[in-house]
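A.B. asks: I'd like to ask some things about the structure below.
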Amino acid sequence: MNRLTRRIGDASARRPWVTIAAWVAALVLVLPLAGLAGASFVDDLVAPGSQSEEAMELLEERFPEASGGSAMAVFAAPEGERIDRHRPAIEAAVARIAEVAHVAAVTGPFGEGGEVTVSSDGRIGYAQVAFDVPSMEVDPEHIDALEGAIAPVRGDGVVAELGGDAVFINGETPTSGAEAAGLLTALVILVVAFGTVVAALVPIALALVAVAAGLGGITLLSNTMNVSSAAPTIGAMIGLGVGIDYALFVVARYRENRTAGQDHRTALSNAMASSGAAVLFAGGTVVVAMTALALTGLGFLTSIGLSTSLIVLFAVAAALTLLPALLSLLGDRVHRRRGAGPRRRRSRARRVKEPQGSGWWRFAHRVSGRPWPYLLAASAALLVLALPSLRMETGFPDAGDDAPGSTHRRAYELLAEGFGPGFNAPLLIVADLRSPGVDAEGVPALSRLVAADPGVASVGEARVSAAGDTVVLPTLPTTAPADAATSDTLARIRDMVPDNVAVSGLTAMTDDLTRQLSDTLPVFIAAIIVVSCLLLMLVFRSVAVPLKAAVVNLLSIGGAYGVVVAVFQWGWLGGLFGLDETLPIASPMPTIFFAVLFGLSMDYEVFLLSRVREEYEATGDPVESVARGMAVTGRVITSAALIMTVVFLSFVANPSPLVKMMGLGLATAVVLDATIVRMVLVPASMALLGRAAWWLPRPLQRRLPKIHLDRPTPAEAPVAPRAEDLAQRRT
């Protein structure tokens with residue numbers, strides 16, 4: 001692998017302008033094409049094989065009018081007034097709504113059945129909008145057209161908002177702009193780490209190029225498959241972090257080689273052979289973890305995994321091609337520090353060759369000198385942080401969990417105020433009259449049976465298909481969509497109805513999706529762990545190192561889960577993160593978290609242990625190799641983790657609680673991984689394992705292919721520790 005990355009880097013460095021022109025051409029091709037093709041993001045929330053999916057397929061086949069998407073235009077008069085005082089303006093808005101594309105029908109609050117569509121106090125009313133396509137296929141442009149249709153009503157002093165399934169699924173979430181502040185902070189960290197603005201700007205530029213190309217690719221991908229609306233945000237979040245980190249590791253190794261006395265060309269070639277190979281392997285691990293989301297069988301998670309993998313691949317490609325091209329052109333402007341005279345350069349070269357005096361080296365020996373206390377203390381700290389995750393309550397988010405300023409959140413609150421919390425959680429009870437069970441004469445009895453359930457607020461009038469073979473009973477529960485009581489009501493209804501009756505609707509679909517996520521999460525976790533261990537075994541030719549990596553990564557991920565539960569579900573320090581209420585953990589989050597966090601944790605594992613392995617091959621001392629590996633990578637890994645933490649925390653400022661949840665969880669895991677795990681657990685566990693850390697059974701040694709990451713060349717071979725240094729350490 002190191003030969004491959006060396007060749008790629010050397011080729012890019014020899015022809016830098018050709019490489020840069022190729023990237024510019026790719027961006028010029030992808031971005032305008034993506035703009036012309038347009039983004040059509042769809043949240044495919046169907047759980048394959050579920051009862052809700054079967055019911056919706058039946059409706060699409062026999063009763064298309066009942067399977068179409070829906071929205072609600074909600075109107076509220078000022079306090080003390082009735083909505084009918086503004087009837088002309090509202091009826092004009094309803095007429096404009098009827099002209100929007102794909103609107104099949106619209107029933108205003110003052111039309112037939114007006115007593116149902118106006119609240120008991122007469123202040124809140126809604127217009128029911130029916131589309132001729134399913135909710136997931138409603139284009140955001142049509143939502144914008146609905147917004148334009150109701151906007152003039154606000155000039156009459158009326159509150160006008162959009163709600164309903166189609167708006168919740170396809171509505172756009174506003175951004176905070178804090179992401180730019182995160183990048184600026186990352187730039188400051190890089191300037192401090194490198195001491196030169198030029199060296200700091202290179203990783204930022206590469207990350208932006210990778211994210212731009214990746215987002216263009218995601219847009220094009222959305223025209224060939226259903227891509228979740230969350231995919232661009234999650235992909236950009238991960239892409240910025242890994243894009244900066246991958247470039248940082250290569251630039252840091254290049255500068256280290258230059259400080260050690262290597263000429264510009266040799267230093268760059270050796271950096272691409274060592275850190276470049278680590279980037280390729282680390283990026284591949286993230287891609288494997290993210291594409292494993294397809295194991296859940298859920299379309300929207302598969303799209304998130306593929307989209308994020310696409311951006312990570314661009315980040316790896318940029319680090320392996322565009323970065324050496326830029327470094328070859330910039331030359332010593334990347335390596336030179338301001339005010340770095342000959343004496344300072346000699347001092348830095350001495351520290352590179354003799355890392356024994358660094359703080360990282362001393363701390364690693366302090367931990368390895370008393371491994372059990374440090375190991376137990378660090379493990380206990382992570383386990384304490386993980387304890388809240390045992391009380392994790394998952395549920396699919398509803399519009400009430402979205403950003404307070406969004407129109408569907410305000411519509412949700414108005415509908416709950418005027419008509420009860422269950423009004424936002426409609427269910428569709430679908431009876432297939434062609435199958436044995438309830439028949440046409442038994443539909444009224446079925447309606448009464450369902451209405452008698454204590455969790456049901458009302459059952460609407462039965463709707464019958466044109467062929468008379470399918471019946472739909474609109475049903476409203478008494479509780480909100482994400483309420484656990486609603487899931488209980490859904491389960492009771494499904495247990496009481498005959499075999500030819502199914503329950504669907506968005507609330508039932510998301511409940512089925514949550515159950516499938518819970519069922520597939522253990523299989524998903526096991527698959528990622530097994531594949532990652534096999535990959536690490538191939539690279540490090542060890543049995544213990546992959547198993548140790550899996551255990552410590554699980555501890556850091558568990559700690560991140562616990563922090564998220566404590567903040568969002570229990571409300572601890574919620575005000576610090578802009579939360580005005582507690583929230584259940586979004587059911588897709590544990591799965592997405594694990595894929596992302598396990599992949600990112602493996603990044604740092606690869607960069608640290610590849611250097612440790614290099615030192616072990618040179619010294620043969622398992623403890624000294626860890627200390628020297630930490631000495632030469634500690635500062636870089638800490639800077640990389642700090643940058644990634646800042647980038648992730650910038651998303652906590654996003655108005656959406658779900659984006660906050662993702663940003664906080666990722667930032668927490670990175671902090672835990674770069675501190676407790678890399679600084680304490682790794683040296684302590686490696687000291688306890690000793691030479692057994694690098695043991696591999698002979699049958700596997702013969703059968704496994706040899707893959708080298710940081711294979712040192714004579715020009716960059718690590719200096720073996722002097723006898724007096726080893727004697728001093730043992731003392």
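Naming works like this for the structure tokens: A, B, ... for the chains as they're shown, residue 1 at the start of each chain, ligands 1 onward in shown order.
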Just the residues within 12 Å of Ala186 of chain A, please, counting only C-alpha atoms, with nothing from its chain fewer than 3 positions along; format it as a PDB file with N, CA and C atoms, in the first residue's frame.

C.D. replies:
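What follows is the written file around02.pdb:
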ATOM      1  N   GLU A 179     -20.887  27.129  10.953  1.00  0.00           N
ATOM      2  CA  GLU A 179     -19.900  26.259  10.327  1.00  0.00           C
ATOM      3  C   GLU A 179     -18.696  27.065   9.845  1.00  0.00           C
ATOM      4  N   ALA A 180     -18.944  28.292   9.360  1.00  0.00           N
ATOM      5  CA  ALA A 180     -17.839  29.151   8.930  1.00  0.00           C
ATOM      6  C   ALA A 180     -16.948  29.517  10.105  1.00  0.00           C
ATOM      7  N   ALA A 181     -17.563  29.775  11.261  1.00  0.00           N
ATOM      8  CA  ALA A 181     -16.773  30.069  12.463  1.00  0.00           C
ATOM      9  C   ALA A 181     -15.935  28.863  12.861  1.00  0.00           C
ATOM     10  N   GLY A 182     -16.491  27.655  12.666  1.00  0.00           N
ATOM     11  CA  GLY A 182     -15.727  26.449  12.958  1.00  0.00           C
ATOM     12  C   GLY A 182     -14.499  26.329  12.077  1.00  0.00           C
ATOM     13  N   LEU A 183     -14.650  26.650  10.799  1.00  0.00           N
ATOM     14  CA  LEU A 183     -13.506  26.604   9.894  1.00  0.00           C
ATOM     15  C   LEU A 183     -12.467  27.654  10.269  1.00  0.00           C
ATOM     16  N   ILE A 189      -6.102  27.054  14.818  1.00  0.00           N
ATOM     17  CA  ILE A 189      -5.410  25.902  15.417  1.00  0.00           C
ATOM     18  C   ILE A 189      -4.267  25.443  14.515  1.00  0.00           C
ATOM     19  N   LEU A 190      -4.502  25.412  13.225  1.00  0.00           N
ATOM     20  CA  LEU A 190      -3.465  24.976  12.297  1.00  0.00           C
ATOM     21  C   LEU A 190      -2.297  25.959  12.261  1.00  0.00           C
ATOM     22  N   VAL A 191      -2.595  27.246  12.340  1.00  0.00           N
ATOM     23  CA  VAL A 191      -1.525  28.250  12.366  1.00  0.00           C
ATOM     24  C   VAL A 191      -0.657  28.053  13.603  1.00  0.00           C
ATOM     25  N   VAL A 192      -1.299  27.810  14.746  1.00  0.00           N
ATOM     26  CA  VAL A 192      -0.542  27.569  15.978  1.00  0.00           C
ATOM     27  C   VAL A 192       0.292  26.296  15.858  1.00  0.00           C
ATOM     28  N   ALA A 193      -0.295  25.258  15.262  1.00  0.00           N
ATOM     29  CA  ALA A 193       0.406  23.978  15.159  1.00  0.00           C
ATOM     30  C   ALA A 193       1.576  24.046  14.192  1.00  0.00           C
ATOM     31  N   VAL A 197       1.008  30.502   8.031  1.00  0.00           N
ATOM     32  CA  VAL A 197      -0.341  30.580   7.480  1.00  0.00           C
ATOM     33  C   VAL A 197      -0.468  29.702   6.244  1.00  0.00           C
ATOM     34  N   ALA A 200      -1.092  26.198   7.164  1.00  0.00           N
ATOM     35  CA  ALA A 200      -2.412  26.067   7.779  1.00  0.00           C
ATOM     36  C   ALA A 200      -3.526  26.110   6.747  1.00  0.00           C
ATOM     37  N   LEU A 201      -3.335  26.896   5.703  1.00  0.00           N
ATOM     38  CA  LEU A 201      -4.388  27.047   4.702  1.00  0.00           C
ATOM     39  C   LEU A 201      -4.539  25.813   3.823  1.00  0.00           C
ATOM     40  N   VAL A 202      -3.470  25.058   3.655  1.00  0.00           N
ATOM     41  CA  VAL A 202      -3.520  23.908   2.747  1.00  0.00           C
ATOM     42  C   VAL A 202      -4.564  22.880   3.182  1.00  0.00           C
ATOM     43  N   PRO A 203      -4.585  22.415   4.456  1.00  0.00           N
ATOM     44  CA  PRO A 203      -5.622  21.446   4.845  1.00  0.00           C
ATOM     45  C   PRO A 203      -7.038  22.004   4.726  1.00  0.00           C
ATOM     46  N   ILE A 204      -7.223  23.289   5.063  1.00  0.00           N
ATOM     47  CA  ILE A 204      -8.554  23.893   4.940  1.00  0.00           C
ATOM     48  C   ILE A 204      -9.005  23.888   3.483  1.00  0.00           C
ATOM     49  N   ALA A 205      -8.098  24.290   2.591  1.00  0.00           N
ATOM     50  CA  ALA A 205      -8.448  24.344   1.171  1.00  0.00           C
ATOM     51  C   ALA A 205      -8.803  22.967   0.636  1.00  0.00           C
ATOM     52  N   ALA A 207      -9.955  20.382   2.300  1.00  0.00           N
ATOM     53  CA  ALA A 207     -11.239  19.940   2.850  1.00  0.00           C
ATOM     54  C   ALA A 207     -12.395  20.598   2.111  1.00  0.00           C
ATOM     55  N   LEU A 240     -15.656  17.751   6.219  1.00  0.00           N
ATOM     56  CA  LEU A 240     -14.796  18.828   6.715  1.00  0.00           C
ATOM     57  C   LEU A 240     -13.799  18.293   7.737  1.00  0.00           C
ATOM     58  N   GLY A 241     -14.284  17.431   8.629  1.00  0.00           N
ATOM     59  CA  GLY A 241     -13.399  16.902   9.665  1.00  0.00           C
ATOM     60  C   GLY A 241     -12.291  16.034   9.099  1.00  0.00           C
ATOM     61  N   GLY A 243     -11.370  15.685   5.955  1.00  0.00           N
ATOM     62  CA  GLY A 243     -10.595  16.356   4.920  1.00  0.00           C
ATOM     63  C   GLY A 243      -9.446  17.151   5.508  1.00  0.00           C
ATOM     64  N   ILE A 244      -9.718  17.889   6.588  1.00  0.00           N
ATOM     65  CA  ILE A 244      -8.657  18.646   7.255  1.00  0.00           C
ATOM     66  C   ILE A 244      -7.656  17.702   7.901  1.00  0.00           C
ATOM     67  N   ASP A 245      -8.160  16.675   8.570  1.00  0.00           N
ATOM     68  CA  ASP A 245      -7.268  15.763   9.295  1.00  0.00           C
ATOM     69  C   ASP A 245      -6.336  15.002   8.358  1.00  0.00           C
ATOM     70  N   LEU A 248      -3.722  17.255   7.191  1.00  0.00           N
ATOM     71  CA  LEU A 248      -2.864  17.612   8.321  1.00  0.00           C
ATOM     72  C   LEU A 248      -1.820  16.533   8.585  1.00  0.00           C
ATOM     73  N   SER A 639      -3.903  17.962  17.641  1.00  0.00           N
ATOM     74  CA  SER A 639      -4.351  19.070  16.784  1.00  0.00           C
ATOM     75  C   SER A 639      -5.475  18.617  15.865  1.00  0.00           C
ATOM     76  N   ALA A 640      -5.334  17.415  15.294  1.00  0.00           N
ATOM     77  CA  ALA A 640      -6.375  16.899  14.400  1.00  0.00           C
ATOM     78  C   ALA A 640      -7.685  16.712  15.146  1.00  0.00           C
ATOM     79  N   ALA A 641      -7.602  16.147  16.356  1.00  0.00           N
ATOM     80  CA  ALA A 641      -8.814  15.934  17.144  1.00  0.00           C
ATOM     81  C   ALA A 641      -9.446  17.255  17.550  1.00  0.00           C
ATOM     82  N   LEU A 642      -8.623  18.237  17.898  1.00  0.00           N
ATOM     83  CA  LEU A 642      -9.153  19.545  18.283  1.00  0.00           C
ATOM     84  C   LEU A 642      -9.867  20.204  17.112  1.00  0.00           C
ATOM     85  N   ILE A 643      -9.283  20.066  15.928  1.00  0.00           N
ATOM     86  CA  ILE A 643      -9.910  20.637  14.733  1.00  0.00           C
ATOM     87  C   ILE A 643     -11.246  19.956  14.457  1.00  0.00           C
ATOM     88  N   MET A 644     -11.244  18.618  14.507  1.00  0.00           N
ATOM     89  CA  MET A 644     -12.479  17.902  14.231  1.00  0.00           C
ATOM     90  C   MET A 644     -13.543  18.227  15.278  1.00  0.00           C
ATOM     91  N   THR A 645     -13.128  18.385  16.527  1.00  0.00           N
ATOM     92  CA  THR A 645     -14.071  18.745  17.589  1.00  0.00           C
ATOM     93  C   THR A 645     -14.686  20.107  17.324  1.00  0.00           C
ATOM     94  N   VAL A 646     -13.859  21.065  16.930  1.00  0.00           N
ATOM     95  CA  VAL A 646     -14.365  22.417  16.643  1.00  0.00           C
ATOM     96  C   VAL A 646     -15.348  22.380  15.481  1.00  0.00           C
ATOM     97  N   VAL A 647     -15.012  21.625  14.438  1.00  0.00           N
ATOM     98  CA  VAL A 647     -15.905  21.522  13.282  1.00  0.00           C
ATOM     99  C   VAL A 647     -17.246  20.917  13.690  1.00  0.00           C
ATOM    100  N   PHE A 648     -17.212  19.840  14.477  1.00  0.00           N
ATOM    101  CA  PHE A 648     -18.456  19.199  14.898  1.00  0.00           C
ATOM    102  C   PHE A 648     -19.255  20.092  15.847  1.00  0.00           C
ATOM    103  N   LEU A 649     -18.574  20.770  16.766  1.00  0.00           N
ATOM    104  CA  LEU A 649     -19.286  21.632  17.704  1.00  0.00           C
ATOM    105  C   LEU A 649     -19.944  22.814  16.995  1.00  0.00           C
ATOM    106  N   SER A 650     -19.402  23.229  15.855  1.00  0.00           N
ATOM    107  CA  SER A 650     -20.028  24.332  15.124  1.00  0.00           C
ATOM    108  C   SER A 650     -21.430  23.966  14.663  1.00  0.00           C
TER     109      SER A 650
END

A.B. asks: If we count only C-alpha atoms, what is near Gly284 of chain A at a cut-off of 12 Å, once residues fewer than 3 positions away on the same chain are taken out, given as a PyMOL selection string?

C.D. replies: chain A and resi 242+277-281+287-291+309-317+531-532+535-536+599-600+602-603+606

A.B. asks: What's around segment 89-98 of chain A at 12 Å? Count only C-alpha atoms, leave out sequence neighbours fewer than 6 positions away in its own chain, and write the answer as a PyMOL selection string.

C.D. replies: chain A and resi 71-77+83+104-111+124-131+142-162

A.B. asks: Kindly indicate which residue among A:Gly331, A:Gly69, A:Gly442, A:Pro436 lies nearest to Arg258 of chain A, using only C-alpha atoms for the distances.

C.D. replies: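 Counting only C-alpha atoms, the residue closest to Arg258 of chain A is A:Gly331.
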
A.B. asks: Which residues come within 12 Å of Arg409 of chain A, counting only C-alpha atoms, excluding same-chain residues fewer than 3 positions away, as JSON, numbers by chain?

C.D. replies: {"A": [74, 161, 162, 163, 164, 165, 167, 168, 171, 172, 173, 397, 398, 399, 400, 401, 402, 403, 404, 405, 406, 412, 413, 414, 415, 416, 424, 655, 656, 657]}

A.B. asks: Tell me, in Å to one decimal, how far atom CA of Ala47 of chain A is from atom CA of Arg494 of chain A.

C.D. replies: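 It comes out at 16.5 Å.
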
A.B. asks: Enumerate the residues of segment 119-252 of chain A with a DSSP assignment of helix (DSSP H, G or I), computed from the backbone, and present them as a PyMOL selection string.

C.D. replies: chain A and resi 135-137+140-156+165-170+178-194+197-221+231-252

A.B. asks: Excluding same-chain residues fewer than 3 positions from Leu427 of chain A, what lies within 9 Å of it counting only C-alpha atoms, as a PDB file with N, CA and C atoms, in the first residue's frame?

C.D. replies:
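Printed below is around-v9.pdb as written:
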ATOM      1  N   LEU A 473     -59.913   3.885   7.023  1.00  0.00           N
ATOM      2  CA  LEU A 473     -60.496   4.560   8.180  1.00  0.00           C
ATOM      3  C   LEU A 473     -59.455   5.517   8.757  1.00  0.00           C
ATOM      4  N   PRO A 474     -59.593   6.846   8.524  1.00  0.00           N
ATOM      5  CA  PRO A 474     -58.670   7.812   9.145  1.00  0.00           C
ATOM      6  C   PRO A 474     -58.874   7.812  10.656  1.00  0.00           C
ATOM      7  N   THR A 475     -57.788   7.666  11.407  1.00  0.00           N
ATOM      8  CA  THR A 475     -57.873   7.528  12.858  1.00  0.00           C
ATOM      9  C   THR A 475     -56.897   8.481  13.531  1.00  0.00           C
ATOM     10  N   LEU A 476     -57.367   9.139  14.583  1.00  0.00           N
ATOM     11  CA  LEU A 476     -56.519  10.052  15.341  1.00  0.00           C
ATOM     12  C   LEU A 476     -56.301   9.497  16.746  1.00  0.00           C
ATOM     13  N   PRO A 477     -55.043   9.324  17.169  1.00  0.00           N
ATOM     14  CA  PRO A 477     -54.788   8.917  18.549  1.00  0.00           C
ATOM     15  C   PRO A 477     -54.908  10.111  19.492  1.00  0.00           C
ATOM     16  N   LEU A 490     -50.791   1.976  18.764  1.00  0.00           N
ATOM     17  CA  LEU A 490     -50.623   1.339  17.458  1.00  0.00           C
ATOM     18  C   LEU A 490     -50.527  -0.180  17.605  1.00  0.00           C
ATOM     19  N   VAL A 503     -52.354  -1.195   9.458  1.00  0.00           N
ATOM     20  CA  VAL A 503     -52.297   0.198   9.894  1.00  0.00           C
ATOM     21  C   VAL A 503     -51.078   0.852   9.266  1.00  0.00           C
ATOM     22  N   SER A 504     -51.294   2.011   8.640  1.00  0.00           N
ATOM     23  CA  SER A 504     -50.199   2.734   8.001  1.00  0.00           C
ATOM     24  C   SER A 504     -50.323   4.213   8.353  1.00  0.00           C
ATOM     25  N   GLY A 505     -49.755   5.061   7.501  1.00  0.00           N
ATOM     26  CA  GLY A 505     -49.635   6.477   7.818  1.00  0.00           C
ATOM     27  C   GLY A 505     -48.223   6.771   8.288  1.00  0.00           C
ATOM     28  N   LEU A 506     -47.824   8.026   8.277  1.00  0.00           N
ATOM     29  CA  LEU A 506     -46.449   8.380   8.610  1.00  0.00           C
ATOM     30  C   LEU A 506     -46.083   7.947  10.027  1.00  0.00           C
ATOM     31  N   THR A 507     -47.008   8.094  10.974  1.00  0.00           N
ATOM     32  CA  THR A 507     -46.709   7.704  12.351  1.00  0.00           C
ATOM     33  C   THR A 507     -46.440   6.211  12.442  1.00  0.00           C
ATOM     34  N   ALA A 508     -47.248   5.400  11.781  1.00  0.00           N
ATOM     35  CA  ALA A 508     -47.031   3.951  11.790  1.00  0.00           C
ATOM     36  C   ALA A 508     -45.745   3.586  11.051  1.00  0.00           C
TER      37      ALA A 508
END

A.B. asks: From a DSSP calculation on the backbone, collect every residue of segment 491-730 of chain A in strand (DSSP E or B) and output the set as a list in words.

C.D. replies: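 Listing strand (DSSP E or B) positions across segment 491-730 of chain A yields Val501, Ala502, Val503, Ser504, Ile585 and Ala586 of chain A.
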
A.B. asks: Generate the output file for the selected residues, C-alpha atoms, as a compact mmCIF listing (two decimals), in the first residue's frame.

C.D. replies:
# COMPACT_ATOMS: atom_id res chain seq x y z
CA VAL A 501 -56.57 -5.04 8.06
CA ALA A 502 -53.29 -3.11 8.33
CA VAL A 503 -52.30 0.20 9.89
CA SER A 504 -50.20 2.73 8.00
CA ILE A 585 -32.94 10.18 21.00
CA ALA A 586 -33.79 10.03 17.31

A.B. asks: Env of Lys548 of chain A: 10 Å cut, atoms = only C-alpha atoms, seq-sep filter 4 positions within chain, self excluded. Answer as a ChimeraX atom specification.

C.D. replies: /A:533,543-544,552-554,681-682,685-686,689,693

A.B. asks: Could you write those residues out with C-alpha atoms, as a short mmCIF file (atom, residue, chain, number, x, y, z; two decimals), in the first residue's frame?

C.D. replies:
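Saved to again-v2.cif:
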data_model
loop_
_atom_site.label_atom_id
_atom_site.label_comp_id
_atom_site.auth_asym_id
_atom_site.auth_seq_id
_atom_site.Cartn_x
_atom_site.Cartn_y
_atom_site.Cartn_z
CA CYS A 533 -10.73 -6.14 13.07
CA VAL A 543 -4.51 -10.45 16.85
CA ALA A 544 -4.42 -8.41 20.04
CA VAL A 552 -11.55 0.86 23.47
CA ASN A 553 -13.55 2.24 20.54
CA LEU A 554 -16.71 0.74 22.02
CA LEU A 681 -5.83 3.31 27.41
CA VAL A 682 -3.48 2.69 24.47
CA SER A 685 -2.99 -1.79 27.36
CA MET A 686 0.09 -2.05 25.14
CA LEU A 689 0.27 -6.91 26.38
CA ALA A 693 0.51 -7.16 21.18
#

A.B. asks: Using atom CA of Val551 of chain A and atom CA of Pro590 of chain A as the two end points, give the distance in Å to one decimal.

C.D. replies: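 Atom-to-atom, atom CA of Val551 of chain A and atom CA of Pro590 of chain A are spaced 17.5 Å apart.
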
A.B. asks: To one decimal in Å, tell me the separation between atom CA of Ile234 of chain A and atom CA of Val286 of chain A.

C.D. replies: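 Between these atoms lies a distance of 13.5 Å.
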
A.B. asks: Have a look at A:Gly571, A:Gly195, A:Gly359, A:Gly562 and name the one nearest to Arg333 of chain A; count only C-alpha atoms.

C.D. replies: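 Closest to Arg333 of chain A of all the choices is A:Gly195.
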